[in-house]
>>> print(open('protein10.txt').read())   # compact mmCIF, C-alpha atoms and all ligand atoms
# COMPACT_ATOMS: atom_id res chain seq x y z
CA MET A 3 -21.56 8.24 20.83
CA SER A 4 -25.06 9.53 20.12
CA ARG A 5 -28.44 7.84 20.41
CA PHE A 6 -28.80 8.49 16.66
CA TRP A 7 -26.02 6.07 15.81
CA SER A 8 -27.04 2.73 14.31
CA PRO A 9 -25.94 -0.35 16.28
CA PHE A 10 -23.73 -1.18 13.29
CA VAL A 11 -21.75 2.05 13.63
CA LYS A 12 -21.48 1.62 17.41
CA ASP A 13 -19.64 -1.65 16.87
CA LEU A 14 -17.28 -0.43 14.13
CA LEU A 15 -13.54 -0.52 14.87
CA PRO A 16 -12.16 1.91 12.26
CA TYR A 17 -8.60 2.06 10.96
CA VAL A 18 -6.33 4.57 12.69
CA PRO A 19 -4.19 6.31 10.06
CA GLY A 20 -0.66 7.51 10.77
CA GLU A 21 -0.37 11.06 12.03
CA GLN A 22 -0.37 13.87 9.46
CA PRO A 23 1.33 16.56 11.55
CA LYS A 24 0.50 20.19 10.79
CA LEU A 25 3.96 21.55 11.62
CA ALA A 26 5.91 22.07 8.39
CA ASN A 27 9.35 21.86 10.00
CA LEU A 28 8.97 18.26 11.23
CA VAL A 29 10.94 15.51 9.50
CA LYS A 30 8.04 13.31 8.45
CA LEU A 31 9.05 9.66 8.07
CA ASN A 32 5.86 8.03 9.35
CA THR A 33 3.42 7.33 6.48
CA ASN A 34 5.61 6.06 3.63
CA GLU A 35 5.22 8.97 1.27
CA ASN A 36 7.89 9.28 -1.43
CA PRO A 37 10.01 12.42 -0.78
CA PHE A 38 11.20 12.81 -4.39
CA GLY A 39 7.91 14.25 -5.63
CA PRO A 40 5.59 13.63 -8.58
CA SER A 41 6.61 13.59 -12.23
CA PRO A 42 6.78 17.17 -13.64
CA THR A 43 4.70 16.05 -16.63
CA ALA A 44 2.03 14.72 -14.24
CA LEU A 45 1.95 18.10 -12.47
CA ALA A 46 1.74 19.88 -15.83
CA ALA A 47 -1.16 17.64 -16.91
CA ILE A 48 -3.01 18.44 -13.67
CA LYS A 49 -2.44 22.19 -14.13
CA ALA A 50 -3.67 22.02 -17.73
CA GLU A 51 -6.84 20.32 -16.52
CA LEU A 52 -7.62 23.20 -14.13
CA ASN A 53 -10.12 24.84 -16.42
CA ASP A 54 -13.82 25.37 -16.98
CA ASN A 55 -14.29 21.66 -17.71
CA LEU A 56 -14.31 21.11 -13.94
CA ARG A 57 -18.02 21.96 -14.11
CA LEU A 58 -18.47 18.64 -15.99
CA TYR A 59 -18.44 15.20 -14.41
CA PRO A 60 -15.30 13.18 -15.14
CA ASP A 61 -15.23 10.03 -17.29
CA PRO A 62 -16.86 7.44 -14.98
CA ASN A 63 -14.53 4.74 -16.35
CA GLY A 64 -11.29 6.71 -16.19
CA ASP A 65 -10.43 5.32 -19.65
CA LEU A 66 -7.42 7.59 -20.16
CA LEU A 67 -5.85 6.21 -16.98
CA LYS A 68 -6.79 2.61 -17.76
CA ARG A 69 -5.08 2.98 -21.15
CA ALA A 70 -1.91 4.37 -19.52
CA VAL A 71 -1.81 1.53 -16.97
CA ALA A 72 -2.53 -1.10 -19.64
CA ASP A 73 0.32 0.31 -21.78
CA PHE A 74 2.72 0.32 -18.85
CA TYR A 75 2.03 -3.31 -17.91
CA GLY A 76 1.25 -4.70 -21.40
CA VAL A 77 -2.26 -5.80 -20.37
CA ASP A 78 -5.75 -5.17 -21.79
CA THR A 79 -7.82 -2.24 -20.49
CA ARG A 80 -10.53 -4.78 -19.58
CA GLN A 81 -8.04 -6.16 -17.06
CA VAL A 82 -7.69 -2.81 -15.25
CA PHE A 83 -9.84 -1.23 -12.53
CA VAL A 84 -9.16 2.26 -11.14
CA GLY A 85 -10.37 3.82 -7.90
CA ASN A 86 -9.84 6.50 -5.32
CA GLY A 87 -6.64 5.22 -3.71
CA SER A 88 -5.87 1.53 -3.31
CA ASP A 89 -7.65 1.71 0.06
CA GLU A 90 -10.91 2.26 -1.79
CA VAL A 91 -10.05 -0.37 -4.39
CA LEU A 92 -9.36 -2.84 -1.57
CA ALA A 93 -12.68 -1.93 0.07
CA HIS A 94 -14.46 -2.90 -3.17
CA VAL A 95 -12.39 -6.09 -3.35
CA PHE A 96 -13.42 -7.10 0.16
CA HIS A 97 -17.02 -6.16 -0.55
CA GLY A 98 -17.36 -7.82 -3.94
CA LEU A 99 -14.82 -10.60 -4.24
CA LEU A 100 -14.11 -11.96 -0.78
CA GLN A 101 -17.59 -12.74 0.54
CA HIS A 102 -17.49 -16.51 0.70
CA ASP A 103 -18.48 -19.14 3.23
CA ALA A 104 -14.98 -19.97 4.43
CA PRO A 105 -13.00 -17.36 6.38
CA ILE A 106 -10.50 -15.43 4.28
CA LEU A 107 -6.78 -15.59 5.09
CA PHE A 108 -4.24 -12.84 5.59
CA PRO A 109 -0.99 -12.60 7.60
CA ASP A 110 -1.26 -11.81 11.32
CA ILE A 111 1.23 -8.98 11.02
CA THR A 112 0.11 -6.98 8.03
CA TYR A 113 -1.72 -3.89 6.82
CA SER A 114 -4.24 -3.14 9.55
CA PHE A 115 -6.94 -2.05 7.12
CA TYR A 116 -7.67 -5.72 6.24
CA PRO A 117 -9.39 -6.64 9.53
CA VAL A 118 -11.22 -3.29 9.36
CA TYR A 119 -12.69 -4.05 5.91
CA ALA A 120 -13.50 -7.59 7.00
CA GLY A 121 -15.44 -6.09 9.94
CA LEU A 122 -17.17 -3.51 7.74
CA TYR A 123 -18.40 -6.11 5.25
CA GLY A 124 -19.06 -8.92 7.73
CA ILE A 125 -16.36 -11.26 6.39
CA SER A 126 -14.83 -13.77 8.75
CA PHE A 127 -11.07 -14.12 8.60
CA THR A 128 -8.18 -16.20 9.90
CA GLU A 129 -4.84 -14.53 10.53
CA VAL A 130 -1.87 -16.67 9.49
CA PRO A 131 1.22 -16.19 11.71
CA LEU A 132 4.44 -15.05 10.08
CA ASP A 133 7.42 -17.32 10.66
CA GLY A 134 10.15 -16.59 13.24
CA ASP A 135 11.96 -14.26 10.82
CA PHE A 136 8.78 -12.26 10.08
CA GLN A 137 8.50 -13.91 6.64
CA ILE A 138 5.33 -15.11 4.90
CA ASN A 139 5.38 -18.84 4.13
CA PRO A 140 3.38 -19.45 0.91
CA ARG A 141 2.56 -23.02 1.95
CA ASP A 142 0.45 -21.63 4.83
CA TYR A 143 -2.01 -20.16 2.31
CA ALA A 144 -3.83 -23.26 1.09
CA ARG A 145 -7.54 -22.52 0.95
CA PRO A 146 -10.21 -24.59 -0.83
CA ASN A 147 -12.38 -21.48 -1.34
CA GLY A 148 -12.83 -18.06 0.25
CA GLY A 149 -10.15 -15.47 -0.33
CA ILE A 150 -6.51 -14.76 0.43
CA VAL A 151 -4.97 -11.31 0.82
CA ILE A 152 -1.20 -10.93 0.88
CA PRO A 153 0.66 -7.62 0.63
CA ASN A 154 3.87 -7.94 -1.32
CA PRO A 155 6.10 -6.56 0.07
CA ASN A 156 4.34 -7.00 3.40
CA ALA A 157 3.58 -3.98 5.59
CA PRO A 158 4.87 -2.94 8.05
CA THR A 159 7.74 -5.45 7.82
CA GLY A 160 8.87 -4.72 4.23
CA CYS A 161 9.57 -8.43 3.58
CA LEU A 162 9.21 -9.61 -0.02
CA LEU A 163 7.80 -12.78 -1.59
CA SER A 164 9.40 -13.91 -4.86
CA LEU A 165 7.20 -14.29 -7.92
CA ALA A 166 7.67 -18.07 -7.57
CA ALA A 167 6.30 -17.92 -4.00
CA VAL A 168 3.24 -15.94 -5.17
CA GLU A 169 2.71 -18.55 -7.88
CA GLU A 170 2.92 -21.29 -5.26
CA VAL A 171 -0.05 -19.72 -3.42
CA LEU A 172 -2.00 -19.52 -6.70
CA LYS A 173 -1.27 -23.17 -7.45
CA ILE A 174 -2.28 -24.53 -4.05
CA SER A 175 -5.46 -22.39 -3.88
CA PRO A 176 -6.88 -22.36 -7.43
CA ASP A 177 -10.47 -21.85 -6.21
CA SER A 178 -9.78 -18.91 -3.92
CA VAL A 179 -9.47 -15.31 -5.06
CA VAL A 180 -5.84 -14.40 -4.32
CA VAL A 181 -5.33 -10.67 -3.82
CA ILE A 182 -1.73 -9.46 -3.93
CA ASP A 183 -1.56 -5.92 -2.54
CA GLU A 184 1.44 -4.41 -4.33
CA ALA A 185 1.37 -0.95 -2.76
CA TYR A 186 5.17 -1.15 -2.32
CA ILE A 187 6.16 -3.34 -5.30
CA ASP A 188 7.98 -0.54 -7.14
CA PHE A 189 10.93 -0.55 -4.74
CA GLY A 190 12.56 -3.83 -5.75
CA GLY A 191 9.88 -6.53 -6.02
CA GLU A 192 8.66 -8.35 -9.11
CA SER A 193 5.01 -7.62 -9.88
CA ALA A 194 2.54 -10.51 -10.14
CA VAL A 195 0.74 -8.63 -12.95
CA SER A 196 2.75 -10.87 -15.32
CA LEU A 197 0.67 -13.81 -14.00
CA ILE A 198 -2.86 -12.44 -14.51
CA ASN A 199 -3.35 -14.13 -17.90
CA LYS A 200 -2.37 -17.48 -16.40
CA TYR A 201 -4.43 -17.38 -13.17
CA PRO A 202 -8.07 -16.21 -13.41
CA ASN A 203 -8.25 -16.09 -9.57
CA LEU A 204 -5.40 -13.54 -9.22
CA LEU A 205 -6.09 -9.87 -8.51
CA VAL A 206 -3.17 -7.44 -8.08
CA THR A 207 -3.77 -4.05 -6.45
CA GLN A 208 -1.43 -1.09 -6.79
CA THR A 209 -1.22 2.61 -6.05
CA VAL A 210 0.37 5.82 -7.37
CA SER A 211 0.92 6.95 -3.76
CA LYS A 212 4.37 5.39 -3.29
CA GLY A 213 6.42 4.67 -6.43
CA ARG A 214 4.93 7.67 -8.25
CA SER A 215 4.88 9.99 -5.24
CA LEU A 216 1.22 11.00 -5.68
CA ALA A 217 -0.34 10.07 -2.32
CA GLY A 218 -2.31 13.33 -2.33
CA LEU A 219 -4.03 12.51 -5.62
CA ARG A 220 -5.71 9.34 -4.26
CA VAL A 221 -5.45 6.92 -7.15
CA GLY A 222 -5.26 3.13 -6.86
CA LEU A 223 -5.78 0.29 -9.28
CA ALA A 224 -6.45 -3.41 -9.60
CA MET A 225 -5.43 -5.74 -12.40
CA GLY A 226 -6.78 -9.21 -13.05
CA ASP A 227 -9.06 -11.34 -15.16
CA PRO A 228 -11.87 -9.29 -16.83
CA SER A 229 -14.48 -11.22 -14.81
CA LEU A 230 -12.91 -10.04 -11.51
CA ILE A 231 -12.65 -6.48 -12.86
CA GLU A 232 -16.32 -6.60 -13.89
CA ALA A 233 -17.31 -7.44 -10.31
CA LEU A 234 -15.37 -4.43 -9.05
CA GLU A 235 -17.03 -2.18 -11.66
CA ARG A 236 -20.43 -3.34 -10.45
CA ILE A 237 -19.59 -2.55 -6.84
CA LYS A 238 -18.15 0.83 -7.84
CA ASP A 239 -21.22 1.77 -9.87
CA SER A 240 -23.41 0.88 -6.89
CA PHE A 241 -21.37 3.13 -4.62
CA ASN A 242 -19.85 6.11 -6.47
CA SER A 243 -19.77 6.02 -10.25
CA TYR A 244 -17.26 8.93 -10.38
CA PRO A 245 -14.57 7.91 -7.87
CA LEU A 246 -11.75 9.67 -9.73
CA ASP A 247 -11.92 13.38 -10.42
CA ARG A 248 -10.65 14.96 -13.64
CA LEU A 249 -7.34 16.01 -12.10
CA ALA A 250 -6.65 12.52 -10.74
CA ILE A 251 -7.35 10.84 -14.08
CA VAL A 252 -5.03 13.06 -16.14
CA GLY A 253 -2.34 13.30 -13.44
CA ALA A 254 -2.09 9.56 -12.80
CA ALA A 255 -2.21 8.78 -16.55
CA ALA A 256 0.71 11.17 -17.15
CA ALA A 257 2.61 9.64 -14.22
CA PHE A 258 2.35 6.16 -15.78
CA ALA A 259 3.56 7.57 -19.12
CA ASP A 260 6.62 9.20 -17.53
CA ARG A 261 8.80 6.13 -17.16
CA ASP A 262 12.07 8.06 -16.77
CA TRP A 263 10.86 9.99 -13.73
CA PHE A 264 9.50 6.79 -12.20
CA GLU A 265 12.83 4.99 -12.64
CA HIS A 266 14.78 7.92 -11.25
CA SER A 267 12.49 8.21 -8.23
CA ARG A 268 12.37 4.56 -7.26
CA ASN A 269 16.11 4.16 -7.69
CA ALA A 270 16.69 7.15 -5.40
CA VAL A 271 14.49 5.44 -2.77
CA ILE A 272 16.31 2.10 -3.18
CA ASP A 273 19.73 3.81 -2.81
CA GLY A 274 18.50 5.75 0.24
CA ARG A 275 17.18 2.54 1.81
CA GLN A 276 20.54 0.80 1.48
CA GLN A 277 22.40 3.76 2.99
CA LEU A 278 19.94 4.20 5.86
CA LYS A 279 20.01 0.49 6.65
CA THR A 280 23.82 0.60 6.96
CA ASP A 281 23.65 3.71 9.15
CA LEU A 282 21.00 2.22 11.46
CA GLN A 283 22.96 -1.02 11.79
CA ALA A 284 26.02 1.04 12.77
CA LEU A 285 23.92 2.45 15.64
CA GLY A 286 23.12 -1.09 16.81
CA PHE A 287 19.69 -1.56 15.18
CA GLU A 288 18.51 -4.88 13.83
CA VAL A 289 16.90 -4.06 10.46
CA LEU A 290 14.60 -6.50 8.62
CA PRO A 291 15.31 -7.01 4.91
CA SER A 292 13.08 -4.53 3.09
CA ALA A 293 11.88 -4.28 -0.51
CA ALA A 294 9.63 -1.33 0.35
CA ASN A 295 10.12 2.42 0.86
CA PHE A 296 10.54 1.97 4.60
CA LEU A 297 12.68 0.05 7.07
CA PHE A 298 11.40 -1.94 10.04
CA ALA A 299 14.05 -1.76 12.75
CA ARG A 300 14.50 -2.46 16.45
CA HIS A 301 17.23 -1.70 18.92
CA PRO A 302 18.13 -4.46 21.40
CA HIS A 303 18.42 -1.99 24.31
CA TYR A 304 15.60 0.47 23.71
CA ASP A 305 11.85 0.23 23.77
CA GLY A 306 10.21 1.19 20.43
CA LYS A 307 7.54 3.43 21.91
CA THR A 308 10.04 5.38 24.00
CA LEU A 309 12.37 5.81 21.05
CA ALA A 310 9.52 7.06 18.82
CA SER A 311 8.54 9.67 21.39
CA LYS A 312 12.16 10.76 21.92
CA LEU A 313 12.48 11.24 18.15
CA ARG A 314 9.22 13.14 18.05
CA ALA A 315 10.52 15.48 20.76
CA ARG A 316 13.47 16.18 18.44
CA GLY A 317 11.21 16.92 15.45
CA VAL A 318 11.40 13.53 13.69
CA VAL A 319 8.18 11.53 13.23
CA VAL A 320 8.37 7.76 12.68
CA ARG A 321 5.69 5.07 13.10
CA HIS A 322 5.36 2.78 16.09
CA PHE A 323 2.72 0.02 16.41
CA ASP A 324 1.40 -0.95 19.84
CA ARG A 325 1.02 -4.61 18.86
CA PRO A 326 2.49 -7.73 20.43
CA ARG A 327 5.60 -9.05 18.65
CA ILE A 328 6.28 -5.79 16.80
CA ASP A 329 6.07 -3.22 19.60
CA GLN A 330 9.89 -3.07 19.82
CA PHE A 331 10.09 -1.90 16.20
CA LEU A 332 10.06 1.47 14.49
CA ARG A 333 8.83 1.77 10.90
CA ILE A 334 10.89 4.45 9.22
CA THR A 335 9.99 5.83 5.77
CA ILE A 336 12.88 6.32 3.34
CA GLY A 337 13.39 10.07 3.03
CA THR A 338 15.90 12.38 1.39
CA PRO A 339 19.59 12.25 2.44
CA GLU A 340 18.95 15.46 4.46
CA GLN A 341 16.01 13.87 6.30
CA HIS A 342 18.17 10.83 7.09
CA GLU A 343 20.84 13.14 8.53
CA SER A 344 18.24 14.70 10.86
CA LEU A 345 16.98 11.25 11.87
CA LEU A 346 20.49 9.95 12.61
CA THR A 347 21.39 13.07 14.60
CA ALA A 348 18.19 12.72 16.64
CA LEU A 349 18.86 9.00 17.20
CA ALA A 350 22.43 9.65 18.31
CA GLU A 351 21.02 12.01 20.97
CA ALA A 352 18.17 9.69 21.94
CA LEU A 353 20.14 6.43 22.34
N1 LIG A 401 -1.86 -1.31 0.99
C1 LIG A 401 -0.86 -1.19 1.86
C2 LIG A 401 -0.12 -2.42 2.28
C3 LIG A 401 -0.52 0.08 2.37
O1 LIG A 401 0.45 0.19 3.29
C4 LIG A 401 -1.23 1.21 1.93
C5 LIG A 401 -0.84 2.60 2.41
N2 LIG A 401 -1.13 2.91 3.69
C6 LIG A 401 -2.28 1.03 1.04
C7 LIG A 401 -2.57 -0.23 0.57
C8 LIG A 401 -3.16 2.16 0.60
O2 LIG A 401 -2.52 3.10 -0.19
P1 LIG A 401 -3.33 4.21 -1.01
O3 LIG A 401 -4.75 4.21 -0.50
O4 LIG A 401 -2.61 5.48 -0.76
O5 LIG A 401 -3.28 3.77 -2.45
>>> encode(input="protein10.txt", output="structure tokens")
Amino acid sequence: MSRFWSPFVKDLLPYVPGEQPKLANLVKLNTNENPFGPSPTALAAIKAELNDNLRLYPDPNGDLLKRAVADFYGVDTRQVFVGNGSDEVLAHVFHGLLQHDAPILFPDITYSFYPVYAGLYGISFTEVPLDGDFQINPRDYARPNGGIVIPNPNAPTGCLLSLAAVEEVLKISPDSVVVIDEAYIDFGGESAVSLINKYPNLLVTQTVSKGRSLAGLRVGLAMGDPSLIEALERIKDSFNSYPLDRLAIVGAAAAFADRDWFEHSRNAVIDGRQQLKTDLQALGFEVLPSAANFLFARHPHYDGKTLASKLRARGVVVRHFDRPRIDQFLRITIGTPEQHESLLTALAEAL
């Protein structure tokens, strides 16, 4: 800490991202990337954009991408916001849509960026406990005003809410902005985008990092009523009017257009998840039901932290959270069949 720091920065508690190890030969199953890679047409679009036009600023509105997203979901471009990863989109959401008098609500075991954004923007919050099976109970999210943030599926548990359960939250809290963070929706859940015309208080955020295997491109989006989108545009234009570079706009737009690759990729993840779940259960793990591209699993006889470090020593990186109630668990990203083999071999040695 330096004497030049503002008191505000001294008090910040930033998010700690998962490790991005430098060693290429590690089996990396710790930050929920999709191992099947981006659409070849998205890569071709990015390569084609590598030209002299890079001297020019990109389209500040990312219209090409908004059009591709609107076509994919059958919504209007005025219902789409795009930003630099859904982390940045969520930052704008917290900044511009969740500043109300009442504390906002989110689950107590959830994506740990939410309390960080709440701290950054001075928003008070109440954490709603999950039930005994680590599930979100929609009836716990009644709020007269203020905001509600629910990831669906939840992270790091992977548990899914049905569309009916999401609608229950919207019905019991019609005067709260309800943000459904669908970072992992592509792996088996039903998107709430189909409800945005019915509920003007619903905002759905998504990313190309997971289902479309483009985490390195940093593109996220939000969909909702044009009035909510307009608020996000205002915040964006007061912060960075060019959040998406030229490569990101064309690459993400092409990825949304390539439906075949998307289907192939997400189905490969879903198949891998089922196989890995069976294999982990055979080793004695309890595995929570997951609709995401990761499994949340614990072994009755082994401590999560110890297991994670034993795996790391054998070249396999998984995620462990030092938090009460979940510190027994490992969060394991769905990888390729070869990566699963390495994980299972390492586990057989470690257990
Ligand atoms: N929401 C959740 C629940 C996540 O787990 C993540 C990924 N860490 C994000 C949002 C952010 O994803 P990205 O910024 O890559 O779009």
>>> atom_distance(input="protein10.txt", atom1="CA of Val29 (chain A)", atom2="CA of Val320 (chain A)")
8.8 Å
>>> residues_near_ligand(input="protein10.txt", ligand="ligand LIG 401 (chain A)", cutoff="6 Å", atoms="only C-alpha atoms and all ligand atoms", output="ChimeraX atom specification")
/A:87-89,113,153,157,183,185,209,211,217,222
>>> atom_distance(input="protein10.txt", atom1="CA of Val84 (chain A)", atom2="CA of Leu52 (chain A)")
21.2 Å
>>> residues_around(input="protein10.txt", residues="region 56-70 of chain A", least_positions_apart="6", cutoff="6 Å", atoms="all atoms listed in the file", output="MDAnalysis selection string")
chainID A and resid 79 243:244 247:248 251 255 258
>>> write_last_selection(input="protein10.txt", atoms="C-alpha atoms", output="short mmCIF file (atom, residue, chain, number, x, y, z; two decimals), in the coordinates of the input")
data_model
loop_
_atom_site.label_atom_id
_atom_site.label_comp_id
_atom_site.auth_asym_id
_atom_site.auth_seq_id
_atom_site.Cartn_x
_atom_site.Cartn_y
_atom_site.Cartn_z
CA THR A 79 -7.82 -2.24 -20.49
CA SER A 243 -19.77 6.02 -10.25
CA TYR A 244 -17.26 8.93 -10.38
CA ASP A 247 -11.92 13.38 -10.42
CA ARG A 248 -10.65 14.96 -13.64
CA ILE A 251 -7.35 10.84 -14.08
CA ALA A 255 -2.21 8.78 -16.55
CA PHE A 258 2.35 6.16 -15.78
#
>>> atom_distance(input="protein10.txt", atom1="CA of Gln22 (chain A)", atom2="CA of Gly39 (chain A)")
17.2 Å
>>> closest_residue(input="protein10.txt", among="A:Tyr304, A:Asp324, A:Gly317, A:Arg261", to="Ala348 (chain A)", atoms="all atoms listed in the file")
A:Gly317
>>> closest_residue(input="protein10.txt", among="A:Asn36, A:Ser178, A:Ser4, A:Thr207", to="Val271 (chain A)", atoms="only C-alpha atoms")
A:Asn36
>>> residues_around(input="protein10.txt", residues="Leu163 (chain A)", least_positions_apart="3", cutoff="9 Å", atoms="only C-alpha atoms", output="list in words")
Gln137, Ile138, Asn139, Pro140, Asn154, Pro155, Asn156, Ala166, Ala167, Val168, Gly191 and Glu192 of chain A
>>> closest_residue(input="protein10.txt", among="A:Phe108, A:Phe287, A:Phe189, A:Phe115", to="Ala93 (chain A)", atoms="all atoms listed in the file")
A:Phe115
>>> closest_residue(input="protein10.txt", among="A:Ile111, A:Val118, A:Ile150, A:Ile198", to="Gly76 (chain A)", atoms="all atoms listed in the file")
A:Ile198
>>> closest_residue(input="protein10.txt", among="A:Met3, A:Leu122, A:Leu100, A:Leu219", to="Ala233 (chain A)", atoms="all atoms listed in the file")
A:Leu100
>>> closest_residue(input="protein10.txt", among="A:Phe10, A:Tyr186, A:Phe96, A:Phe298", to="Arg268 (chain A)", atoms="all atoms listed in the file")
A:Tyr186
>>> residues_near_point(input="protein10.txt", point="(11.2, 3.0, 16.3)", cutoff="10 Å", atoms="all atoms listed in the file", output="list in words")
Phe287, Leu297, Phe298, Ala299, Arg300, His301, Tyr304, Asp305, Gly306, Lys307, Thr308, Leu309, Ala310, Ser311, Lys312, Leu313, Val319, Val320, Arg321, His322, Phe323, Asp329, Gln330, Phe331, Leu332, Arg333, Ile334 and Leu349 of chain A
>>> residues_around(input="protein10.txt", residues="region 280-284 of chain A", least_positions_apart="4", cutoff="9 Å", atoms="only C-alpha atoms", output="PyMOL selection string")
chain A and resi 275-276+288-289+299+346
>>> axis_aligned_box(input="protein10.txt", around="region 113-126 of chain A", padding_each_side="6 Å", output="lines of an AutoDock Vina configuration file")
center_x = -10.4
center_y = -7.9
center_z = 7.6
size_x = 29.3
size_y = 23.7
size_z = 16.7
>>> residues_around(input="protein10.txt", residues="Ala47 (chain A)", least_positions_apart="5", cutoff="7 Å", atoms="only C-alpha atoms", output="number ranges by chain")
A: 252-253, 256
>>> residues_near_point(input="protein10.txt", point="(17.9, 9.3, 4.7)", cutoff="12 Å", atoms="all atoms listed in the file", output="JSON, numbers by chain")
{"A": [29, 30, 31, 36, 37, 38, 270, 271, 272, 273, 274, 275, 276, 277, 278, 279, 280, 281, 282, 295, 296, 297, 318, 334, 335, 336, 337, 338, 339, 340, 341, 342, 343, 344, 345, 346, 347]}
>>> residues_around(input="protein10.txt", residues="region 123-135 of chain A", least_positions_apart="6", cutoff="7 Å", atoms="all atoms listed in the file", output="VMD selection string")
chain A and resid 97 101 105 to 111
>>> write_last_selection(input="protein10.txt", atoms="C-alpha atoms", output="CSV table (one decimal), keeping the file's coordinate frame")
chain,number,residue,atom,x,y,z
A,97,HIS,CA,-17.0,-6.2,-0.6
A,101,GLN,CA,-17.6,-12.7,0.5
A,105,PRO,CA,-13.0,-17.4,6.4
A,106,ILE,CA,-10.5,-15.4,4.3
A,107,LEU,CA,-6.8,-15.6,5.1
A,108,PHE,CA,-4.2,-12.8,5.6
A,109,PRO,CA,-1.0,-12.6,7.6
A,110,ASP,CA,-1.3,-11.8,11.3
A,111,ILE,CA,1.2,-9.0,11.0
>>> decode(input="protein10.txt", residues="region 175-186 of chain A", atoms="N, CA and C atoms", output="mmCIF file, in the first residue's frame")
data_model
loop_
_atom_site.group_PDB
_atom_site.id
_atom_site.type_symbol
_atom_site.label_atom_id
_atom_site.label_comp_id
_atom_site.auth_asym_id
_atom_site.auth_seq_id
_atom_site.Cartn_x
_atom_site.Cartn_y
_atom_site.Cartn_z
ATOM 1 N N SER A 175 -41.694 -10.278 -7.358
ATOM 2 C CA SER A 175 -40.925 -9.032 -7.188
ATOM 3 C C SER A 175 -41.039 -8.144 -8.431
ATOM 4 N N PRO A 176 -42.252 -7.725 -8.776
ATOM 5 C CA PRO A 176 -42.435 -6.982 -10.037
ATOM 6 C C PRO A 176 -41.774 -5.609 -10.036
ATOM 7 N N ASP A 177 -41.437 -5.068 -8.861
ATOM 8 C CA ASP A 177 -40.846 -3.726 -8.820
ATOM 9 C C ASP A 177 -39.347 -3.741 -8.551
ATOM 10 N N SER A 178 -38.759 -4.917 -8.590
ATOM 11 C CA SER A 178 -37.299 -5.037 -8.471
ATOM 12 C C SER A 178 -36.717 -5.396 -9.828
ATOM 13 N N VAL A 179 -35.536 -4.864 -10.156
ATOM 14 C CA VAL A 179 -34.838 -5.375 -11.338
ATOM 15 C C VAL A 179 -34.344 -6.786 -11.003
ATOM 16 N N VAL A 180 -34.690 -7.747 -11.842
ATOM 17 C CA VAL A 180 -34.258 -9.135 -11.620
ATOM 18 C C VAL A 180 -33.229 -9.477 -12.693
ATOM 19 N N VAL A 181 -31.989 -9.689 -12.253
ATOM 20 C CA VAL A 181 -30.903 -9.997 -13.180
ATOM 21 C C VAL A 181 -30.660 -11.503 -13.138
ATOM 22 N N ILE A 182 -30.803 -12.153 -14.274
ATOM 23 C CA ILE A 182 -30.487 -13.584 -14.351
ATOM 24 C C ILE A 182 -29.173 -13.699 -15.127
ATOM 25 N N ASP A 183 -28.135 -14.130 -14.428
ATOM 26 C CA ASP A 183 -26.797 -14.259 -15.013
ATOM 27 C C ASP A 183 -26.695 -15.651 -15.643
ATOM 28 N N GLU A 184 -26.819 -15.686 -16.973
ATOM 29 C CA GLU A 184 -26.857 -16.970 -17.683
ATOM 30 C C GLU A 184 -25.510 -17.325 -18.315
ATOM 31 N N ALA A 185 -24.423 -17.103 -17.575
ATOM 32 C CA ALA A 185 -23.109 -17.435 -18.125
ATOM 33 C C ALA A 185 -23.044 -18.902 -18.572
ATOM 34 N N TYR A 186 -23.770 -19.780 -17.851
ATOM 35 C CA TYR A 186 -23.659 -21.224 -18.119
ATOM 36 C C TYR A 186 -24.940 -21.832 -18.698
#
